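Containing TSV, C-alpha atoms: my_file.tsv.
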```
chain	number	residue	atom	x	y	z
H	1	MET	CA	-5.41	-32.52	-3.88
H	2	THR	CA	-6.43	-35.37	-6.16
H	3	SER	CA	-9.87	-36.14	-7.48
H	4	ASP	CA	-10.30	-39.21	-5.25
H	5	GLN	CA	-10.46	-36.92	-2.23
H	6	HIS	CA	-13.85	-35.56	-3.31
H	7	PRO	CA	-17.11	-37.48	-2.90
H	8	SER	CA	-18.23	-39.34	-6.00
H	9	GLY	CA	-21.54	-38.64	-7.70
H	10	PRO	CA	-23.31	-35.34	-8.31
H	11	ALA	CA	-22.22	-32.33	-6.30
H	12	ALA	CA	-24.50	-31.66	-3.33
H	13	PRO	CA	-26.30	-28.33	-3.13
H	14	ALA	CA	-24.54	-25.63	-1.15
H	15	GLY	CA	-27.32	-25.69	1.44
H	16	ASP	CA	-26.71	-29.40	2.10
H	17	ALA	CA	-23.01	-28.70	2.59
H	18	LEU	CA	-23.81	-26.03	5.17
H	19	ASP	CA	-26.09	-28.45	6.99
H	20	ARG	CA	-23.33	-31.05	7.17
H	21	LEU	CA	-20.95	-28.46	8.60
H	22	GLY	CA	-23.53	-27.52	11.22
H	23	LEU	CA	-23.84	-23.97	9.91
H	24	ALA	CA	-27.49	-24.01	8.87
H	25	GLY	CA	-29.75	-24.85	11.80
H	26	PRO	CA	-32.84	-27.05	11.33
H	27	ALA	CA	-36.37	-25.78	11.81
H	28	THR	CA	-37.91	-26.54	15.20
H	29	THR	CA	-41.39	-26.82	16.67
H	30	ASP	CA	-40.24	-26.60	20.30
H	31	PRO	CA	-41.90	-24.05	22.58
H	32	PRO	CA	-40.34	-20.57	22.41
H	33	PRO	CA	-37.36	-20.20	24.76
H	34	SER	CA	-37.38	-18.00	27.81
H	35	ARG	CA	-35.60	-14.64	27.85
H	36	GLY	CA	-32.65	-16.17	29.73
H	37	GLU	CA	-32.42	-19.06	27.28
H	38	ARG	CA	-32.53	-16.66	24.32
H	39	SER	CA	-29.70	-14.60	25.83
H	40	ALA	CA	-27.59	-17.69	26.44
H	41	ARG	CA	-28.22	-18.93	22.90
H	42	ARG	CA	-27.22	-15.55	21.45
H	43	ARG	CA	-23.97	-15.64	23.40
H	44	GLY	CA	-23.37	-19.19	22.20
H	45	ARG	CA	-24.07	-18.26	18.58
H	46	ARG	CA	-21.72	-15.27	18.76
H	47	ARG	CA	-19.01	-17.45	20.30
H	48	ARG	CA	-19.51	-20.27	17.78
H	49	ARG	CA	-19.63	-17.88	14.85
H	50	ARG	CA	-16.33	-16.27	15.87
H	51	VAL	CA	-14.64	-19.62	16.47
H	52	VAL	CA	-15.63	-21.22	13.17
H	53	ALA	CA	-15.12	-18.02	11.20
H	54	THR	CA	-11.57	-17.51	12.44
H	55	LEU	CA	-10.67	-21.14	11.80
H	56	VAL	CA	-12.06	-21.13	8.28
H	57	ALA	CA	-10.52	-17.73	7.63
H	58	ALA	CA	-7.04	-18.89	8.52
H	59	LEU	CA	-7.21	-22.12	6.57
H	60	VAL	CA	-9.10	-20.64	3.64
H	61	VAL	CA	-7.81	-17.11	3.41
H	62	PHE	CA	-4.16	-17.48	4.33
H	63	VAL	CA	-3.54	-20.66	2.36
H	64	GLY	CA	-5.63	-19.27	-0.48
H	65	VAL	CA	-7.23	-22.60	-1.45
H	66	PRO	CA	-10.59	-23.12	0.30
H	67	ALA	CA	-10.79	-26.83	-0.49
H	68	LEU	CA	-9.05	-27.67	2.79
H	69	VAL	CA	-12.20	-27.11	4.83
H	70	LEU	CA	-14.02	-29.74	2.83
H	71	GLY	CA	-11.26	-32.30	3.39
H	72	VAL	CA	-12.38	-32.95	6.97
H	73	GLY	CA	-15.64	-34.03	8.55
H	74	ALA	CA	-17.98	-31.75	10.43
H	75	GLY	CA	-17.16	-33.25	13.83
H	76	TYR	CA	-13.46	-32.89	13.31
H	77	LEU	CA	-14.00	-29.33	12.09
H	78	VAL	CA	-15.42	-28.49	15.52
H	79	HIS	CA	-12.28	-29.93	17.14
H	80	LEU	CA	-10.09	-27.86	14.84
H	81	ALA	CA	-12.19	-24.79	15.65
H	82	ARG	CA	-11.53	-25.25	19.36
H	83	THR	CA	-7.84	-25.75	18.70
H	84	TRP	CA	-7.79	-22.60	16.60
H	85	ASP	CA	-9.66	-20.53	19.19
H	86	ASP	CA	-6.99	-21.17	21.82
H	87	GLY	CA	-4.52	-19.04	19.88
H	88	ALA	CA	-6.29	-17.12	17.11
H	89	THR	CA	-6.48	-13.32	17.05
H	90	THR	CA	-9.11	-11.13	15.44
H	91	ILE	CA	-8.29	-7.74	13.93
H	92	ARG	CA	-11.17	-5.73	15.35
H	93	ALA	CA	-10.75	-2.67	13.11
H	94	ALA	CA	-9.28	-4.05	9.89
H	95	PHE	CA	-10.88	-1.67	7.39
H	96	PRO	CA	-10.97	2.09	6.84
H	97	ALA	CA	-14.14	4.17	7.00
H	98	GLU	CA	-16.68	3.10	4.40
H	99	ALA	CA	-16.64	6.57	2.81
H	100	ASP	CA	-12.96	6.07	1.96
H	101	ARG	CA	-13.43	2.72	0.19
H	102	PRO	CA	-14.39	1.56	-3.30
H	103	ALA	CA	-18.03	0.55	-3.55
H	104	PRO	CA	-18.68	-3.19	-3.04
H	105	VAL	CA	-19.20	-5.19	-6.23
H	106	ASP	CA	-21.37	-8.29	-6.12
H	107	ASP	CA	-19.71	-10.20	-8.97
H	108	GLY	CA	-18.69	-13.33	-7.07
H	109	ALA	CA	-14.93	-12.66	-7.13
H	110	LEU	CA	-13.06	-12.49	-3.81
H	111	HIS	CA	-10.07	-10.35	-2.82
H	112	VAL	CA	-8.02	-11.08	0.28
H	113	LEU	CA	-5.05	-9.04	1.44
H	114	LEU	CA	-2.26	-11.06	3.09
H	115	LEU	CA	0.27	-9.19	5.24
H	116	GLY	CA	3.54	-10.52	6.58
H	117	SER	CA	4.50	-8.57	9.67
H	118	ASP	CA	7.25	-8.47	12.27
H	119	THR	CA	4.75	-7.64	15.03
H	120	ARG	CA	2.44	-9.97	16.97
H	121	ASP	CA	0.10	-7.12	17.95
H	122	ALA	CA	-2.65	-7.75	15.40
H	123	GLY	CA	-3.58	-4.72	13.38
H	124	ALA	CA	-1.10	-2.45	15.14
H	125	SER	CA	1.43	-0.25	13.42
H	126	GLY	CA	4.80	-1.80	12.73
H	127	ARG	CA	6.68	-2.95	9.68
H	128	SER	CA	5.09	-5.00	6.89
H	129	ASP	CA	7.72	-7.00	5.04
H	130	SER	CA	5.37	-8.88	2.75
H	131	MET	CA	2.15	-7.92	0.99
H	132	MET	CA	0.10	-10.22	-1.23
H	133	LEU	CA	-3.35	-9.97	-2.80
H	134	VAL	CA	-5.28	-13.21	-3.29
H	135	HIS	CA	-7.82	-13.09	-6.13
H	136	LEU	CA	-10.38	-15.87	-6.40
H	137	PRO	CA	-12.34	-15.47	-9.64
H	138	ALA	CA	-16.10	-15.82	-9.60
H	139	ASP	CA	-15.99	-19.25	-11.24
H	140	ARG	CA	-13.35	-20.46	-8.72
H	141	SER	CA	-11.37	-22.01	-11.55
H	142	ALA	CA	-8.05	-20.82	-10.09
H	143	ALA	CA	-6.42	-18.87	-7.28
H	144	TYR	CA	-4.07	-15.97	-8.01
H	145	VAL	CA	-1.60	-14.57	-5.49
H	146	MET	CA	-0.06	-11.22	-6.44
H	147	SER	CA	2.88	-9.81	-4.49
H	148	ILE	CA	3.26	-6.06	-4.09
H	149	MET	CA	6.83	-4.92	-3.60
H	150	ARG	CA	7.15	-3.37	-0.14
H	151	ASP	CA	9.15	-0.40	-1.51
H	152	THR	CA	6.57	0.48	-4.19
H	153	TRP	CA	6.21	4.28	-4.31
H	154	VAL	CA	2.52	5.16	-3.88
H	155	ASP	CA	0.19	7.78	-2.51
H	156	VAL	CA	-0.59	6.88	1.11
H	157	PRO	CA	-3.89	8.57	2.05
H	158	GLY	CA	-3.30	11.47	4.40
H	159	HIS	CA	0.48	11.22	4.14
H	160	GLY	CA	1.44	11.78	0.52
H	161	MET	CA	3.93	9.80	-1.57
H	162	ALA	CA	5.82	7.07	0.29
H	163	LYS	CA	6.78	3.41	0.18
H	164	ILE	CA	3.69	1.28	0.44
H	165	ASN	CA	4.84	-0.49	3.61
H	166	ALA	CA	4.94	2.90	5.35
H	167	ALA	CA	1.14	2.73	5.42
H	168	TYR	CA	1.37	-0.13	7.88
H	169	SER	CA	3.83	1.77	10.02
H	170	TRP	CA	1.63	4.89	10.10
H	171	GLY	CA	-1.82	3.37	10.38
H	172	GLY	CA	-1.67	-0.40	10.75
H	173	VAL	CA	-4.01	-2.65	8.81
H	174	PRO	CA	-6.78	-0.10	8.09
H	175	LEU	CA	-4.45	2.39	6.38
H	176	THR	CA	-2.72	-0.43	4.51
H	177	VAL	CA	-6.08	-1.66	3.19
H	178	GLN	CA	-7.04	1.88	2.18
H	179	THR	CA	-3.72	2.38	0.40
H	180	VAL	CA	-4.01	-0.89	-1.54
H	181	GLU	CA	-7.65	-0.25	-2.42
H	182	GLN	CA	-6.77	3.22	-3.70
H	183	LEU	CA	-3.83	1.87	-5.71
H	184	LEU	CA	-5.73	-1.00	-7.31
H	185	GLN	CA	-9.18	0.64	-7.24
H	186	THR	CA	-10.40	-2.70	-5.95
H	187	ARG	CA	-12.28	-3.42	-2.75
H	188	ILE	CA	-10.58	-5.79	-0.29
H	189	ASP	CA	-13.03	-8.33	1.11
H	190	HIS	CA	-10.90	-9.82	3.88
H	191	VAL	CA	-7.51	-9.45	5.55
H	192	ALA	CA	-5.15	-12.02	7.07
H	193	GLU	CA	-1.95	-11.08	8.88
H	194	VAL	CA	0.89	-13.42	9.84
H	195	ASP	CA	4.10	-12.71	11.70
H	196	PHE	CA	7.15	-14.25	10.11
H	197	ALA	CA	7.76	-16.64	12.99
H	198	GLY	CA	4.56	-18.31	11.84
H	199	PHE	CA	6.30	-19.52	8.70
H	200	GLU	CA	8.71	-21.46	10.88
H	201	ALA	CA	5.99	-22.94	13.10
H	202	MET	CA	3.69	-23.92	10.23
H	203	THR	CA	6.54	-25.55	8.32
H	204	ASP	CA	7.61	-27.66	11.30
H	205	ALA	CA	3.99	-28.66	11.95
H	206	LEU	CA	3.84	-30.13	8.44
H	207	GLY	CA	7.09	-31.98	8.92
H	208	GLY	CA	8.79	-29.65	6.45
H	209	VAL	CA	7.80	-28.01	3.16
H	210	ASP	CA	9.11	-28.73	-0.35
H	211	VAL	CA	10.11	-25.46	-2.01
H	212	VAL	CA	11.55	-24.95	-5.49
H	213	SER	CA	14.30	-22.31	-5.44
H	214	GLU	CA	15.30	-20.35	-8.53
H	215	ARG	CA	18.82	-19.83	-7.22
H	216	THR	CA	21.57	-21.50	-5.20
H	217	PHE	CA	22.42	-19.33	-2.20
H	218	ARG	CA	23.29	-19.30	1.49
H	219	ALA	CA	21.28	-17.58	4.22
H	220	GLY	CA	21.13	-17.89	8.00
H	221	GLY	CA	23.77	-20.60	7.94
H	222	HIS	CA	21.75	-22.72	5.51
H	223	GLU	CA	22.51	-23.78	1.95
H	224	PHE	CA	19.70	-23.65	-0.62
H	225	VAL	CA	20.17	-25.29	-4.01
H	226	ARG	CA	18.56	-24.43	-7.30
H	227	GLY	CA	15.57	-26.72	-7.66
H	228	GLU	CA	13.66	-28.54	-4.94
H	229	ASN	CA	14.59	-28.11	-1.29
H	230	HIS	CA	12.92	-29.77	1.69
H	231	LEU	CA	12.92	-27.08	4.37
H	232	ASP	CA	12.37	-27.31	8.09
H	233	GLY	CA	11.00	-24.30	9.95
H	234	GLU	CA	14.30	-22.55	10.59
H	235	GLN	CA	15.34	-22.99	6.97
H	236	ALA	CA	11.95	-21.75	5.73
H	237	LEU	CA	12.25	-18.57	7.77
H	238	ALA	CA	15.72	-17.90	6.37
H	239	PHE	CA	14.49	-18.66	2.85
H	240	VAL	CA	11.61	-16.16	2.89
H	241	ARG	CA	13.53	-13.34	4.59
H	242	GLU	CA	16.82	-13.36	2.66
H	243	ARG	CA	17.53	-10.57	0.18
H	244	LYS	CA	21.17	-9.54	0.60
H	245	SER	CA	22.37	-12.59	-1.32
H	246	PHE	CA	20.71	-11.40	-4.53
H	247	ALA	CA	21.55	-8.66	-6.97
H	248	GLU	CA	17.79	-8.21	-7.38
H	249	ALA	CA	17.37	-8.02	-3.59
H	250	ASP	CA	13.67	-7.64	-2.76
H	251	HIS	CA	12.54	-8.83	-6.20
H	252	GLN	CA	14.12	-12.23	-5.60
H	253	ARG	CA	12.92	-12.31	-2.02
H	254	VAL	CA	9.34	-11.80	-3.23
H	255	ARG	CA	9.75	-14.69	-5.67
H	256	ASN	CA	11.10	-16.85	-2.83
H	257	GLN	CA	8.08	-15.96	-0.70
H	258	GLN	CA	5.81	-16.95	-3.56
H	259	ALA	CA	7.66	-20.25	-3.88
H	260	PHE	CA	7.17	-20.85	-0.17
H	261	VAL	CA	3.43	-20.15	-0.40
H	262	ARG	CA	3.14	-22.69	-3.23
H	263	GLY	CA	5.07	-25.23	-1.16
H	264	LEU	CA	2.95	-24.56	1.91
H	265	VAL	CA	-0.29	-24.97	-0.03
H	266	GLY	CA	0.99	-28.22	-1.49
H	267	GLY	CA	1.95	-29.48	1.97
H	268	VAL	CA	-1.39	-28.60	3.56
H	269	LEU	CA	-3.44	-30.08	0.74
H	270	ASP	CA	-1.34	-33.23	0.49
H	271	ARG	CA	-3.54	-36.26	1.07
H	272	HIS	CA	-1.20	-37.46	3.86
H	273	THR	CA	-1.84	-34.23	5.78
H	274	LEU	CA	-5.59	-34.22	5.17
H	275	THR	CA	-5.93	-37.82	6.32
H	276	ASP	CA	-3.71	-37.42	9.42
H	277	PRO	CA	-5.72	-35.84	12.27
H	278	ALA	CA	-2.61	-35.25	14.38
H	279	ALA	CA	-0.78	-33.46	11.54
H	280	LEU	CA	-3.79	-31.30	10.69
H	281	SER	CA	-4.35	-30.37	14.35
H	282	ALA	CA	-0.68	-29.47	14.74
H	283	PHE	CA	-0.83	-27.24	11.67
H	284	VAL	CA	-3.97	-25.47	12.89
H	285	ALA	CA	-2.47	-24.90	16.34
H	286	ALA	CA	0.78	-23.57	14.90
H	287	THR	CA	-1.07	-21.29	12.49
H	288	ALA	CA	-3.40	-19.95	15.18
H	289	ASP	CA	-0.51	-18.66	17.27
H	290	HIS	CA	0.73	-16.47	14.44
H	291	VAL	CA	-2.26	-15.42	12.32
H	292	ALA	CA	-4.87	-12.68	12.77
H	293	VAL	CA	-7.90	-12.17	10.54
H	294	ASP	CA	-10.64	-9.59	10.15
H	295	ALA	CA	-13.85	-10.03	12.11
H	296	GLY	CA	-16.22	-9.84	9.16
H	297	LEU	CA	-16.13	-13.51	8.19
H	298	THR	CA	-19.34	-15.35	9.07
H	299	PRO	CA	-19.30	-19.16	9.07
H	300	THR	CA	-22.05	-19.37	6.46
H	301	ARG	CA	-20.16	-17.09	4.08
H	302	MET	CA	-16.88	-18.93	4.53
H	303	ALA	CA	-18.54	-22.32	4.09
H	304	GLU	CA	-20.07	-21.06	0.85
H	305	ILE	CA	-16.63	-19.96	-0.36
H	306	ALA	CA	-15.11	-23.30	0.60
H	307	TRP	CA	-17.86	-25.21	-1.19
H	308	SER	CA	-17.65	-23.06	-4.31
H	309	ALA	CA	-13.88	-23.62	-4.55
H	310	ARG	CA	-13.85	-27.31	-3.61
H	311	GLY	CA	-12.29	-28.28	-6.94
H	312	LEU	CA	-9.14	-26.20	-6.56
H	313	ARG	CA	-5.81	-28.03	-6.42
H	314	PRO	CA	-2.25	-26.78	-5.77
H	315	SER	CA	-1.67	-26.70	-9.54
H	316	ASP	CA	-4.48	-24.15	-9.84
H	317	LEU	CA	-2.50	-21.63	-7.78
H	318	SER	CA	-0.64	-18.94	-9.77
H	319	THR	CA	1.72	-16.37	-8.29
H	320	PHE	CA	3.00	-13.14	-9.83
H	321	THR	CA	4.25	-9.69	-8.86
H	322	MET	CA	2.61	-6.34	-9.56
H	323	ALA	CA	4.55	-4.95	-12.52
H	324	THR	CA	7.32	-2.44	-11.78
H	325	SER	CA	9.35	-0.10	-13.98
H	326	GLY	CA	12.65	0.49	-12.27
H	327	GLY	CA	13.26	2.66	-9.25
H	328	GLY	CA	14.20	6.08	-8.04
H	329	THR	CA	15.25	8.18	-5.08
H	330	SER	CA	12.91	10.48	-3.19
H	331	ALA	CA	13.74	14.05	-2.18
H	332	ASP	CA	14.63	12.84	1.31
H	333	GLY	CA	16.96	10.12	-0.01
H	334	GLN	CA	14.74	7.03	0.06
H	335	SER	CA	15.30	4.41	-2.62
H	336	TYR	CA	11.99	3.16	-3.97
H	337	VAL	CA	10.40	1.00	-6.66
H	338	SER	CA	8.17	2.55	-9.34
H	339	PHE	CA	5.12	0.69	-10.56
H	340	ASP	CA	4.46	0.29	-14.27
H	341	VAL	CA	1.63	2.76	-14.93
H	342	ASP	CA	0.32	1.07	-18.08
H	343	ARG	CA	0.34	-2.35	-16.48
H	344	LEU	CA	-1.35	-0.94	-13.37
H	345	TYR	CA	-4.24	0.33	-15.48
H	346	ALA	CA	-4.49	-3.09	-17.13
H	347	LEU	CA	-4.37	-4.79	-13.72
H	348	ARG	CA	-7.15	-2.58	-12.37
H	349	GLU	CA	-9.28	-3.51	-15.36
H	350	ALA	CA	-8.51	-7.21	-14.93
H	351	LEU	CA	-9.47	-7.15	-11.25
H	352	ARG	CA	-12.61	-5.18	-12.02
H	353	ASP	CA	-13.68	-7.44	-14.89
H	354	ASP	CA	-12.45	-10.69	-13.29
H	355	THR	CA	-10.05	-11.35	-16.17
H	356	VAL	CA	-6.77	-11.85	-14.31
H	357	ALA	CA	-5.96	-14.93	-16.39
H	358	ASP	CA	-6.07	-12.80	-19.55
H	359	TYR	CA	-3.97	-10.12	-17.85
H	360	LEU	CA	-1.26	-12.64	-17.02
H	361	ALA	CA	-1.35	-14.15	-20.48
H	362	GLY	CA	-0.56	-10.75	-21.97
H	363	ALA	CA	1.82	-9.41	-19.33
H	364	SER	CA	5.44	-9.88	-20.31
H	365	SER	CA	6.65	-8.56	-16.94
H	366	ALA	CA	4.49	-10.90	-14.87
H	367	SER	CA	5.75	-14.29	-13.74
H	368	PRO	CA	2.84	-16.70	-13.17
H	369	ALA	CA	3.68	-20.04	-11.70
H	370	GLY	CA	1.42	-22.95	-11.03
```

Before we go any further, please render this structure as structure tokens.
Amino acid sequence: MTSDQHPSGPAAPAGDALDRLGLAGPATTDPPPSRGERSARRRGRRRRRRVVATLVAALVVFVGVPALVLGVGAGYLVHLARTWDDGATTIRAAFPAEADRPAPVDDGALHVLLLGSDTRDAGASGRSDSMMLVHLPADRSAAYVMSIMRDTWVDVPGHGMAKINAAYSWGGVPLTVQTVEQLLQTRIDHVAEVDFAGFEAMTDALGGVDVVSERTFRAGGHEFVRGENHLDGEQALAFVRERKSFAEADHQRVRNQQAFVRGLVGGVLDRHTLTDPAALSAFVAATADHVAVDAGLTPTRMAEIAWSARGLRPSDLSTFTMATSGGGTSADGQSYVSFDVDRLYALREALRDDTVADYLAGASSASPAG
């Protein structure tokens, strides 16, 4: 997104932004409503809150750059909300019991867990092939997306040592959140889950996505060259799922998934997309059919996040992978990936102190990309 997409002049107060989005109701001197009217209004508010929250969650949380919401007018946002509601899914029980979670920290930073799944049953057990943590620092100066290798050997609460994606298989989203929170000692604020077919649909809705590949390889009958590739949906799906073509297998696949996320963000925030109502509607509809989000996102909260991060651009997005230190074989013959203990301690500290930029600057095993 370029600077000419933002209103000129001083930034409006957050309250004014909420008013323009229709999320902060005006005071009224009308007579008090009847009991029936109050009941109807409560139902309407609950409905509206769920609709707008799920829309904003998908566009803000999954893409990882909240500025998109502010690229459209309030009236058109309502249209997008209705489009989203036709296909969106809410994960009703996305988090573990409060007693099993890190205490909330009111420091302004935001942590969102993104899960790539092969199941369309939101929140259900299955197989999680992709796991990313989005960190938005308190000052919203950047967005960081950290991949966690699916074969990382960790302690899964109640089950003992196992690959981290086993948590999803055993307990769906809640156990996955609990496992990640225990590993990182960081509280997850929100969760978004996408099935891999969604990558194909979202890519086609944008008319293709430009992705920079580190390698030349073939997958799914498609040829990918080193450097920039313009991918349609079928090619994008093959690109993010391939691992057998690489000596580094899942490590390279994770980097390809990160490259796709950067390309997707760039495509969504491109001025041609933001100024084309048909393209934006098509993207929202395609996303809604494949994304599920937690139910704890209120419209006011999400609008505040969007407003606070309105200055973010695709170049402010950095991707990296949680540091590993080789692999091993479990007693029952499973091959796994070991995390780097020293780097994990440093990562925990960086997430706690909101100093991820400093962590990346000093981490030789991390691979940030903007």

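Residues in contact with segment 191-205 of chain H at up to 7 Å, not including ones fewer than 2 positions away on its chain and judged by only C-alpha atoms, are Val61, Phe62, Val112, Leu113, Leu114, Leu115, Gly116, Ser117, Asp118, Thr119, Arg120, Gly207, Gly208, Val209, Asp232, Gly233, Glu234, Ala236, Leu237, Ala279, Ala282, Phe283, Ala286, Thr287, His290, Val291, Ala292, Val293 and Asp294 of chain H.
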
_Counting only C-alpha atoms, which residue out of H:Ser281, H:Ser130, H:Thr319, H:Gln257 sits closest to Thr152 of chain H?_
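Nearest to Thr152 of chain H: H:Ser130.
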
*Between atom CA of Ala295 of chain H and atom CA of Val156 of chain H, measure the distance and give it in Å to one decimal.*
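About the pair atom CA of Ala295 of chain H and atom CA of Val156 of chain H: they are 24.1 Å apart.
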
*May I have the residues within 8 Å of Val134 of chain H as JSON, numbers by chain, using only C-alpha atoms and disregarding those fewer than 2 positions away in the same chain?*
{"H": [64, 110, 111, 112, 113, 114, 132, 136, 143, 144, 145, 146]}

*asked:* Please list as a PyMOL selection string every residue within 10 Å of Thr186 of chain H, counting only C-alpha atoms and excluding residues in the same chain fewer than 4 positions away.
replied: chain H and resi 101-105+111+178+180-182+348-349+351-352

_Counting all atoms listed in the file, the option among H:Ala142, H:Met322, H:Leu133, H:Ala167 closest to Asp189 of chain H_ =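 Closest to Asp189 of chain H of all the choices is H:Leu133.
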
*Do you have the atom CA of Arg92 of chain H-atom CA of Ser169 of chain H distance handy?*
17.6 Å

*Scan for residues within 7 Å of the point (-5.8, -7.9, -16.6) in the coordinates of the file, using all atoms listed in the file, and reply as a PyMOL selection string.*
chain H and resi 346-351+355-356+358-360

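For Trp153 of chain H, the residues within 6 Å (counting only C-alpha atoms, excluding itself and residues fewer than 5 positions away along the chain) are Ala162, Lys163, Tyr336, Val337 and Ser338 of chain H.
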
At a cut-off of 10 Å, using all atoms listed in the file, what residues contact Glu214 of chain H? Leave out same-chain residues fewer than 2 positions from it and give the result as a PDB file with C-alpha atoms, keeping the file's coordinate frame.
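Below you can see out-v3.pdb, which holds the result:
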```pdb
ATOM      1  CA  VAL H 211      10.110 -25.460  -2.010  1.00  0.00           C
ATOM      2  CA  VAL H 212      11.550 -24.950  -5.490  1.00  0.00           C
ATOM      3  CA  THR H 216      21.570 -21.500  -5.200  1.00  0.00           C
ATOM      4  CA  PHE H 217      22.420 -19.330  -2.200  1.00  0.00           C
ATOM      5  CA  PHE H 224      19.700 -23.650  -0.620  1.00  0.00           C
ATOM      6  CA  VAL H 225      20.170 -25.290  -4.010  1.00  0.00           C
ATOM      7  CA  ARG H 226      18.560 -24.430  -7.300  1.00  0.00           C
ATOM      8  CA  GLY H 227      15.570 -26.720  -7.660  1.00  0.00           C
ATOM      9  CA  GLU H 228      13.660 -28.540  -4.940  1.00  0.00           C
ATOM     10  CA  GLN H 252      14.120 -12.230  -5.600  1.00  0.00           C
ATOM     11  CA  ARG H 255       9.750 -14.690  -5.670  1.00  0.00           C
ATOM     12  CA  ASN H 256      11.100 -16.850  -2.830  1.00  0.00           C
ATOM     13  CA  ALA H 259       7.660 -20.250  -3.880  1.00  0.00           C
TER      14      ALA H 259
END
```

*Need the neighbours of (14.6, 9.7, 0.5): which residues are at most 12 Å away, counting all atoms listed in the file, as a PyMOL selection string?*
chain H and resi 151+153+161-163+328-336

Export C-alpha atoms of the chosen residues as a PDB file, keeping the file's coordinate frame?
```pdb
ATOM      1  CA  ASP H 151       9.150  -0.400  -1.510  1.00  0.00           C
ATOM      2  CA  TRP H 153       6.210   4.280  -4.310  1.00  0.00           C
ATOM      3  CA  MET H 161       3.930   9.800  -1.570  1.00  0.00           C
ATOM      4  CA  ALA H 162       5.820   7.070   0.290  1.00  0.00           C
ATOM      5  CA  LYS H 163       6.780   3.410   0.180  1.00  0.00           C
ATOM      6  CA  GLY H 328      14.200   6.080  -8.040  1.00  0.00           C
ATOM      7  CA  THR H 329      15.250   8.180  -5.080  1.00  0.00           C
ATOM      8  CA  SER H 330      12.910  10.480  -3.190  1.00  0.00           C
ATOM      9  CA  ALA H 331      13.740  14.050  -2.180  1.00  0.00           C
ATOM     10  CA  ASP H 332      14.630  12.840   1.310  1.00  0.00           C
ATOM     11  CA  GLY H 333      16.960  10.120  -0.010  1.00  0.00           C
ATOM     12  CA  GLN H 334      14.740   7.030   0.060  1.00  0.00           C
ATOM     13  CA  SER H 335      15.300   4.410  -2.620  1.00  0.00           C
ATOM     14  CA  TYR H 336      11.990   3.160  -3.970  1.00  0.00           C
TER      15      TYR H 336
END
```
